[in-house]
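Participant: For reference, this is upload28.cif, and it has mmCIF, C-alpha atoms.
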```cif
data_final
#
loop_
_atom_site.group_PDB
_atom_site.id
_atom_site.type_symbol
_atom_site.label_atom_id
_atom_site.label_comp_id
_atom_site.auth_asym_id
_atom_site.auth_seq_id
_atom_site.Cartn_x
_atom_site.Cartn_y
_atom_site.Cartn_z
ATOM 1 C CA MET A 1 -47.717 -2.579 -14.579
ATOM 2 C CA ASN A 2 -47.380 -1.922 -10.867
ATOM 3 C CA ARG A 3 -49.185 1.060 -9.414
ATOM 4 C CA LEU A 4 -48.687 3.364 -6.473
ATOM 5 C CA PHE A 5 -51.966 4.178 -4.770
ATOM 6 C CA LEU A 6 -51.943 6.716 -1.989
ATOM 7 C CA PHE A 7 -55.182 6.388 -0.071
ATOM 8 C CA ALA A 8 -56.203 9.444 1.886
ATOM 9 C CA TYR A 9 -59.333 8.775 3.921
ATOM 10 C CA PHE A 10 -61.274 12.010 3.871
ATOM 11 C CA LEU A 11 -64.607 13.404 2.813
ATOM 12 C CA ALA A 12 -64.757 12.538 -0.890
ATOM 13 C CA PHE A 13 -67.155 15.122 -2.241
ATOM 14 C CA SER A 14 -67.461 15.867 -5.933
ATOM 15 C CA LEU A 15 -64.533 17.827 -7.311
ATOM 16 C CA PHE A 16 -66.775 19.941 -9.510
ATOM 17 C CA ALA A 17 -66.511 22.661 -6.853
ATOM 18 C CA SER A 18 -62.723 22.376 -6.785
ATOM 19 C CA GLU A 19 -60.613 25.084 -8.304
ATOM 20 C CA ILE A 20 -57.119 26.337 -8.921
ATOM 21 C CA LYS A 21 -56.270 28.710 -6.077
ATOM 22 C CA PHE A 22 -52.815 29.781 -7.203
ATOM 23 C CA VAL A 23 -50.967 29.965 -10.509
ATOM 24 C CA LYS A 24 -47.396 30.955 -11.234
ATOM 25 C CA GLY A 25 -46.002 30.723 -14.753
ATOM 26 C CA GLN A 26 -47.626 28.473 -17.338
ATOM 27 C CA VAL A 27 -50.353 26.132 -16.105
ATOM 28 C CA LEU A 28 -52.649 24.207 -18.440
ATOM 29 C CA VAL A 29 -55.907 22.340 -17.869
ATOM 30 C CA ASN A 30 -56.581 19.894 -20.694
ATOM 31 C CA ASN A 31 -53.900 21.724 -22.721
ATOM 32 C CA LYS A 32 -55.652 25.080 -22.361
ATOM 33 C CA PRO A 33 -54.245 27.980 -20.289
ATOM 34 C CA ALA A 34 -55.559 28.077 -16.715
ATOM 35 C CA THR A 35 -55.760 30.977 -14.300
ATOM 36 C CA LYS A 36 -56.496 31.483 -10.628
ATOM 37 C CA GLY A 37 -60.139 30.550 -10.081
ATOM 38 C CA SER A 38 -60.324 28.033 -12.938
ATOM 39 C CA LYS A 39 -62.746 25.237 -12.027
ATOM 40 C CA LEU A 40 -61.794 21.570 -12.327
ATOM 41 C CA ASN A 41 -64.074 18.925 -13.787
ATOM 42 C CA ASP A 42 -63.896 15.156 -13.592
ATOM 43 C CA LYS A 43 -60.820 13.721 -15.372
ATOM 44 C CA ASP A 44 -59.262 17.111 -16.034
ATOM 45 C CA VAL A 45 -55.488 16.995 -16.528
ATOM 46 C CA VAL A 46 -53.470 19.791 -14.937
ATOM 47 C CA LYS A 47 -50.044 20.370 -16.485
ATOM 48 C CA VAL A 48 -47.516 22.660 -14.815
ATOM 49 C CA GLU A 49 -44.652 23.733 -17.048
ATOM 50 C CA SER A 50 -41.023 24.556 -16.171
ATOM 51 C CA LYS A 51 -40.520 27.335 -13.590
ATOM 52 C CA SER A 52 -44.249 27.232 -12.828
ATOM 53 C CA LEU A 53 -46.477 26.117 -9.945
ATOM 54 C CA ALA A 54 -50.160 25.574 -9.147
ATOM 55 C CA ILE A 55 -52.260 24.915 -6.049
ATOM 56 C CA ILE A 56 -55.589 23.093 -6.289
ATOM 57 C CA GLU A 57 -58.120 23.419 -3.483
ATOM 58 C CA LEU A 58 -60.686 20.638 -3.165
ATOM 59 C CA ASP A 59 -64.159 21.400 -1.898
ATOM 60 C CA ASP A 60 -63.356 20.082 1.598
ATOM 61 C CA LYS A 61 -60.399 22.534 1.707
ATOM 62 C CA SER A 62 -57.794 19.829 1.141
ATOM 63 C CA LYS A 63 -55.011 21.082 -1.125
ATOM 64 C CA ILE A 64 -52.610 19.781 -3.760
ATOM 65 C CA LYS A 65 -49.496 21.782 -4.645
ATOM 66 C CA ILE A 66 -48.278 20.795 -8.099
ATOM 67 C CA ASN A 67 -44.623 21.474 -8.786
ATOM 68 C CA GLU A 68 -42.993 22.407 -12.091
ATOM 69 C CA ASN A 69 -42.732 19.840 -14.881
ATOM 70 C CA THR A 70 -45.665 17.884 -13.474
ATOM 71 C CA GLU A 71 -48.909 16.447 -14.851
ATOM 72 C CA LEU A 72 -51.758 15.345 -12.601
ATOM 73 C CA LYS A 73 -55.247 14.068 -13.443
ATOM 74 C CA VAL A 74 -58.224 14.195 -11.080
ATOM 75 C CA GLU A 75 -61.000 11.666 -11.680
ATOM 76 C CA ASN A 76 -63.882 9.650 -10.178
ATOM 77 C CA ALA A 77 -65.052 12.792 -8.455
ATOM 78 C CA LYS A 78 -68.358 11.554 -7.042
ATOM 79 C CA LYS A 79 -69.631 11.300 -3.489
ATOM 80 C CA GLU A 80 -70.138 7.554 -3.703
ATOM 81 C CA THR A 81 -66.705 6.734 -5.165
ATOM 82 C CA PRO A 82 -63.115 7.505 -4.141
ATOM 83 C CA THR A 83 -61.587 10.580 -5.713
ATOM 84 C CA THR A 84 -58.397 9.691 -7.576
ATOM 85 C CA ALA A 85 -55.437 11.914 -8.397
ATOM 86 C CA SER A 86 -53.140 10.270 -10.935
ATOM 87 C CA LEU A 87 -49.595 11.620 -10.845
ATOM 88 C CA ILE A 88 -48.569 11.239 -14.475
ATOM 89 C CA SER A 89 -45.174 12.891 -14.119
ATOM 90 C CA GLY A 90 -43.213 15.106 -11.749
ATOM 91 C CA SER A 91 -44.058 15.710 -8.095
ATOM 92 C CA ALA A 92 -46.729 17.135 -5.812
ATOM 93 C CA PHE A 93 -47.528 17.926 -2.196
ATOM 94 C CA PHE A 94 -50.830 16.723 -0.708
ATOM 95 C CA LYS A 95 -52.522 18.204 2.365
ATOM 96 C CA ILE A 96 -55.628 16.112 3.039
ATOM 97 C CA ARG A 97 -58.012 17.210 5.771
ATOM 98 C CA LYS A 98 -59.509 14.770 8.229
ATOM 99 C CA ALA A 99 -63.231 14.111 7.920
ATOM 100 C CA LEU A 100 -65.515 15.371 10.661
ATOM 101 C CA ASN A 101 -66.754 11.931 11.658
ATOM 102 C CA GLU A 102 -65.549 8.333 11.509
ATOM 103 C CA LYS A 103 -68.052 7.249 8.860
ATOM 104 C CA LEU A 104 -66.948 9.924 6.417
ATOM 105 C CA GLN A 105 -63.330 9.369 7.410
ATOM 106 C CA LYS A 106 -63.497 5.942 5.756
ATOM 107 C CA GLU A 107 -64.081 7.460 2.331
ATOM 108 C CA LYS A 108 -60.974 7.151 0.189
ATOM 109 C CA PHE A 109 -58.853 9.587 -1.762
ATOM 110 C CA LYS A 110 -56.316 7.909 -4.032
ATOM 111 C CA VAL A 111 -53.109 9.070 -5.620
ATOM 112 C CA LYS A 112 -51.778 6.781 -8.333
ATOM 113 C CA THR A 113 -48.260 6.547 -9.732
ATOM 114 C CA ARG A 114 -46.525 3.548 -11.274
ATOM 115 C CA GLN A 115 -45.020 1.724 -8.307
ATOM 116 C CA VAL A 116 -46.607 1.427 -4.741
ATOM 117 C CA SER A 117 -49.822 1.849 -2.652
ATOM 118 C CA LEU A 118 -50.249 4.127 0.418
ATOM 119 C CA GLY A 119 -53.187 4.671 2.755
ATOM 120 C CA VAL A 120 -53.600 7.786 4.906
ATOM 121 C CA ARG A 121 -56.117 9.423 7.239
ATOM 122 C CA GLY A 122 -55.984 13.178 6.941
ATOM 123 C CA THR A 123 -52.313 13.842 6.442
ATOM 124 C CA GLU A 124 -49.650 15.857 4.662
ATOM 125 C CA PHE A 125 -47.264 14.079 2.318
ATOM 126 C CA PHE A 126 -45.051 14.503 -0.752
ATOM 127 C CA VAL A 127 -44.769 12.225 -3.775
ATOM 128 C CA SER A 128 -42.220 12.417 -6.574
ATOM 129 C CA TYR A 129 -41.047 10.294 -9.440
ATOM 130 C CA GLY A 130 -37.318 9.615 -9.410
ATOM 131 C CA LYS A 131 -34.635 9.835 -12.082
ATOM 132 C CA ASN A 132 -36.268 6.919 -13.891
ATOM 133 C CA PRO A 133 -40.050 7.474 -13.635
ATOM 134 C CA LYS A 134 -40.744 4.017 -15.025
ATOM 135 C CA GLU A 135 -38.903 2.388 -12.116
ATOM 136 C CA ASP A 136 -38.733 4.541 -8.994
ATOM 137 C CA VAL A 137 -40.802 6.876 -6.890
ATOM 138 C CA TRP A 138 -40.280 8.620 -3.555
ATOM 139 C CA MET A 139 -42.677 9.703 -0.836
ATOM 140 C CA CYS A 140 -42.372 11.211 2.626
ATOM 141 C CA VAL A 141 -44.793 12.220 5.363
ATOM 142 C CA ASN A 142 -44.849 15.582 7.123
ATOM 143 C CA GLU A 143 -47.927 14.959 9.282
ATOM 144 C CA GLY A 144 -50.017 11.863 9.955
ATOM 145 C CA LEU A 145 -49.392 8.214 9.114
ATOM 146 C CA VAL A 146 -49.234 6.447 5.747
ATOM 147 C CA GLU A 147 -49.537 2.732 5.043
ATOM 148 C CA ALA A 148 -47.344 1.913 2.057
ATOM 149 C CA LYS A 149 -47.873 -1.205 -0.039
ATOM 150 C CA SER A 150 -46.033 -2.512 -3.050
ATOM 151 C CA ARG A 151 -46.734 -5.860 -4.675
ATOM 152 C CA LYS A 152 -44.266 -7.549 -2.329
ATOM 153 C CA THR A 153 -43.866 -5.240 0.684
ATOM 154 C CA LYS A 154 -45.868 -3.076 3.061
ATOM 155 C CA ALA A 155 -44.841 -0.619 5.766
ATOM 156 C CA LEU A 156 -46.178 2.180 7.960
ATOM 157 C CA VAL A 157 -44.541 5.521 7.245
ATOM 158 C CA LYS A 158 -44.725 7.988 10.137
ATOM 159 C CA ALA A 159 -44.379 11.757 10.206
ATOM 160 C CA GLY A 160 -40.758 12.650 9.558
ATOM 161 C CA GLU A 161 -40.085 9.456 7.611
ATOM 162 C CA GLY A 162 -39.892 8.591 3.942
ATOM 163 C CA ILE A 163 -39.400 5.687 1.567
ATOM 164 C CA GLY A 164 -37.967 5.005 -1.854
ATOM 165 C CA VAL A 165 -39.506 2.423 -4.164
ATOM 166 C CA LYS A 166 -37.664 0.933 -7.114
ATOM 167 C CA LYS A 167 -39.881 -1.373 -9.142
ATOM 168 C CA ASP A 168 -41.327 -3.655 -6.412
ATOM 169 C CA LYS A 169 -38.568 -3.041 -3.857
ATOM 170 C CA MET A 170 -39.363 -0.662 -1.002
ATOM 171 C CA SER A 171 -36.789 0.818 1.355
ATOM 172 C CA PRO A 172 -37.556 0.685 5.104
ATOM 173 C CA PRO A 173 -39.209 3.897 6.400
ATOM 174 C CA LYS A 174 -36.632 6.210 7.954
ATOM 175 C CA PRO A 175 -35.834 9.918 8.306
ATOM 176 C CA LEU A 176 -34.353 11.182 5.045
ATOM 177 C CA ALA A 177 -32.052 14.191 5.112
ATOM 178 C CA TRP A 178 -33.225 15.600 1.782
ATOM 179 C CA THR A 179 -36.875 15.802 2.876
ATOM 180 C CA LYS A 180 -36.047 18.336 5.598
ATOM 181 C CA LYS A 181 -35.468 20.923 2.876
ATOM 182 C CA LEU A 182 -38.914 20.520 1.277
ATOM 183 C CA ASN A 183 -41.191 23.551 1.225
ATOM 184 C CA TRP A 184 -44.527 22.351 2.622
ATOM 185 C CA SER A 185 -46.236 25.750 2.467
ATOM 186 C CA MET A 186 -49.571 25.890 0.643
ATOM 187 C CA ASP A 187 -50.505 29.407 1.716
ATOM 188 C CA GLU A 188 -50.892 31.213 -1.587
ATOM 189 C CA ASN A 189 -50.472 34.536 0.233
ATOM 190 C CA SER A 190 -47.122 33.631 1.784
ATOM 191 C CA GLY A 191 -45.050 34.477 -1.291
ATOM 192 C CA ASN A 192 -42.804 31.476 -0.663
ATOM 193 C CA LEU A 193 -44.273 28.385 -2.311
ATOM 194 C CA GLU A 194 -41.564 27.066 -4.614
ATOM 195 C CA ASN A 195 -39.857 23.794 -3.785
ATOM 196 C CA ASN A 196 -36.153 24.059 -4.591
ATOM 197 C CA VAL A 197 -35.175 20.531 -3.572
ATOM 198 C CA SER A 198 -34.068 18.340 -6.469
ATOM 199 C CA ILE A 199 -35.097 14.689 -6.338
ATOM 200 C CA GLU A 200 -31.479 13.955 -7.249
ATOM 201 C CA GLU A 201 -30.675 14.525 -3.561
ATOM 202 C CA ALA A 202 -32.797 11.520 -2.616
ATOM 203 C CA TYR A 203 -30.325 9.130 -4.182
ATOM 204 C CA THR A 204 -27.673 9.933 -1.602
ATOM 205 C CA ASP A 205 -30.061 8.482 1.012
ATOM 206 C CA LEU A 206 -31.323 5.190 -0.342
ATOM 207 C CA LEU A 207 -31.523 4.235 -3.984
ATOM 208 C CA GLY A 208 -28.691 2.120 -5.252
ATOM 209 C CA ARG A 209 -28.837 -0.072 -2.138
ATOM 210 C CA ASP A 210 -30.360 -3.504 -2.037
ATOM 211 C CA TYR A 211 -33.800 -3.338 -0.435
ATOM 212 C CA ASP A 212 -35.242 -6.010 1.800
#
```
Take the structure in this file and express it as structure tokens.
Facilitator:
Amino acid sequence: MNRLFLFAYFLAFSLFASEIKFVKGQVLVNNKPATKGSKLNDKDVVKVESKSLAIIELDDKSKIKINENTELKVENAKKETPTTASLISGSAFFKIRKALNEKLQKEKFKVKTRQVSLGVRGTEFFVSYGKNPKEDVWMCVNEGLVEAKSRKTKALVKAGEGIGVKKDKMSPPKPLAWTKKLNWSMDENSGNLENNVSIEEAYTDLLGRDYD
């Protein structure tokens, strides 16, 4: 099975100090109800139900906003190994802080889905499964630069650009109209955190075309 790895190079401390900073609706950690302030342990699975939302804050102040109908697992949370967030279903926003020095900057944070691999250095990006989670996934970059790799293709995705990946086929990075409507806010005090953009809108941009 192909995998999407999103590599965010940032200070990869243990996630045992990480916690859920915001909860709306029904959010579960390992199938048990979670609340604001709930701590996350290695390999915990966070599940956000319909009409719900959660924000995780990592111990370096990086954040993950988990949208409704999404499952995400955080694992390998040790200083000496890359932290990995596995996107099991749904979609999420990632805001990864840059490390304070070049040595620590080389530590890796990974996001895994089923299709491609991306590498970033302190950036803000969005990842979502498509209409067929077994075949396609979408990602776009709000800030920073992402190196995207599938089994057959690789590309640099800049701020303001996005890609679609169907199986091993990756679309060229380009501005995508639907991504301009995404709600990137992760300020739990703002009162406006929900993302109302349907991934269905992405298919008017790219999928259905033959990729190079």
Participant: Evaluating the PyMOL selection byres ((chain A and resi 127) around 6) on the displayed file yields which residues, as a PyMOL selection string?
Facilitator: chain A and resi 91-92+126+128+138-139
Participant: With distances taken over only C-alpha atoms, which of A:Glu124, A:Glu200, A:Glu194, A:Asp136 is nearest to Phe93 in chain A?
Facilitator: A:Glu124
Participant: Identify all residues satisfying the PyMOL selection byres ((chain A and resi 186-192) around 10) in the given file; provide them as a PyMOL selection string.
Facilitator: chain A and resi 21-23+54-57+63-65+93-95+183-185+193-195
Participant: List the residues selected by the PyMOL selection byres ((chain A and resi 123) around 8) in the file shown, writing them as a short mmCIF file (atom, residue, chain, number, x, y, z; two decimals) with C-alpha atoms, keeping the file's coordinate frame.
Facilitator:
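Once written, selection.cif looks like this:
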```cif
data_model
loop_
_atom_site.label_atom_id
_atom_site.label_comp_id
_atom_site.auth_asym_id
_atom_site.auth_seq_id
_atom_site.Cartn_x
_atom_site.Cartn_y
_atom_site.Cartn_z
CA ALA A 8 -56.20 9.44 1.89
CA PHE A 94 -50.83 16.72 -0.71
CA LYS A 95 -52.52 18.20 2.37
CA ILE A 96 -55.63 16.11 3.04
CA ARG A 97 -58.01 17.21 5.77
CA LYS A 98 -59.51 14.77 8.23
CA VAL A 120 -53.60 7.79 4.91
CA ARG A 121 -56.12 9.42 7.24
CA GLY A 122 -55.98 13.18 6.94
CA GLU A 124 -49.65 15.86 4.66
CA PHE A 125 -47.26 14.08 2.32
CA VAL A 141 -44.79 12.22 5.36
CA ASN A 142 -44.85 15.58 7.12
CA GLU A 143 -47.93 14.96 9.28
CA GLY A 144 -50.02 11.86 9.96
CA LEU A 145 -49.39 8.21 9.11
#
```
Participant: Determine, counting only C-alpha atoms, every residue of protein, DNA or RNA that lies within 6 Å of (-43.6, 29.7, -15.0) in the file coordinates, then give the result as number ranges by chain.
Facilitator: A: 24-26, 50-52
Participant: In Å, how far is it from CA of Val111 in chain A to CA of Leu72 in chain A?
Facilitator: 9.5 Å
Participant: Can you tell me which residues surround Glu161 in chain A at a distance of at most 7 Å, considering only C-alpha atoms, apart from same-chain residues fewer than 6 positions away, and format the answer as a list in words?
Facilitator: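 In the requested form, the answer reads Cys140, Val141, Pro173, Lys174, Pro175 and Leu176 of chain A.
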Participant: How far is it from CA of Thr179 in chain A to CA of Lys158 in chain A, in Å with one decimal?
Facilitator: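 Computed distance, CA of Thr179 in chain A to CA of Lys158 in chain A, equals 13.2 Å.
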Participant: Using Å and a single decimal, report how far CA of Leu156 in chain A sits from CA of Asn196 in chain A.
Facilitator: 27.1 Å
Participant: Counting only C-alpha atoms, which of A:Val157, A:Thr83, A:Ser150, A:Ala202 gets nearest to Gln115 in chain A?
Facilitator: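 The shortest atom-to-atom distance to Gln115 in chain A comes from A:Ser150.
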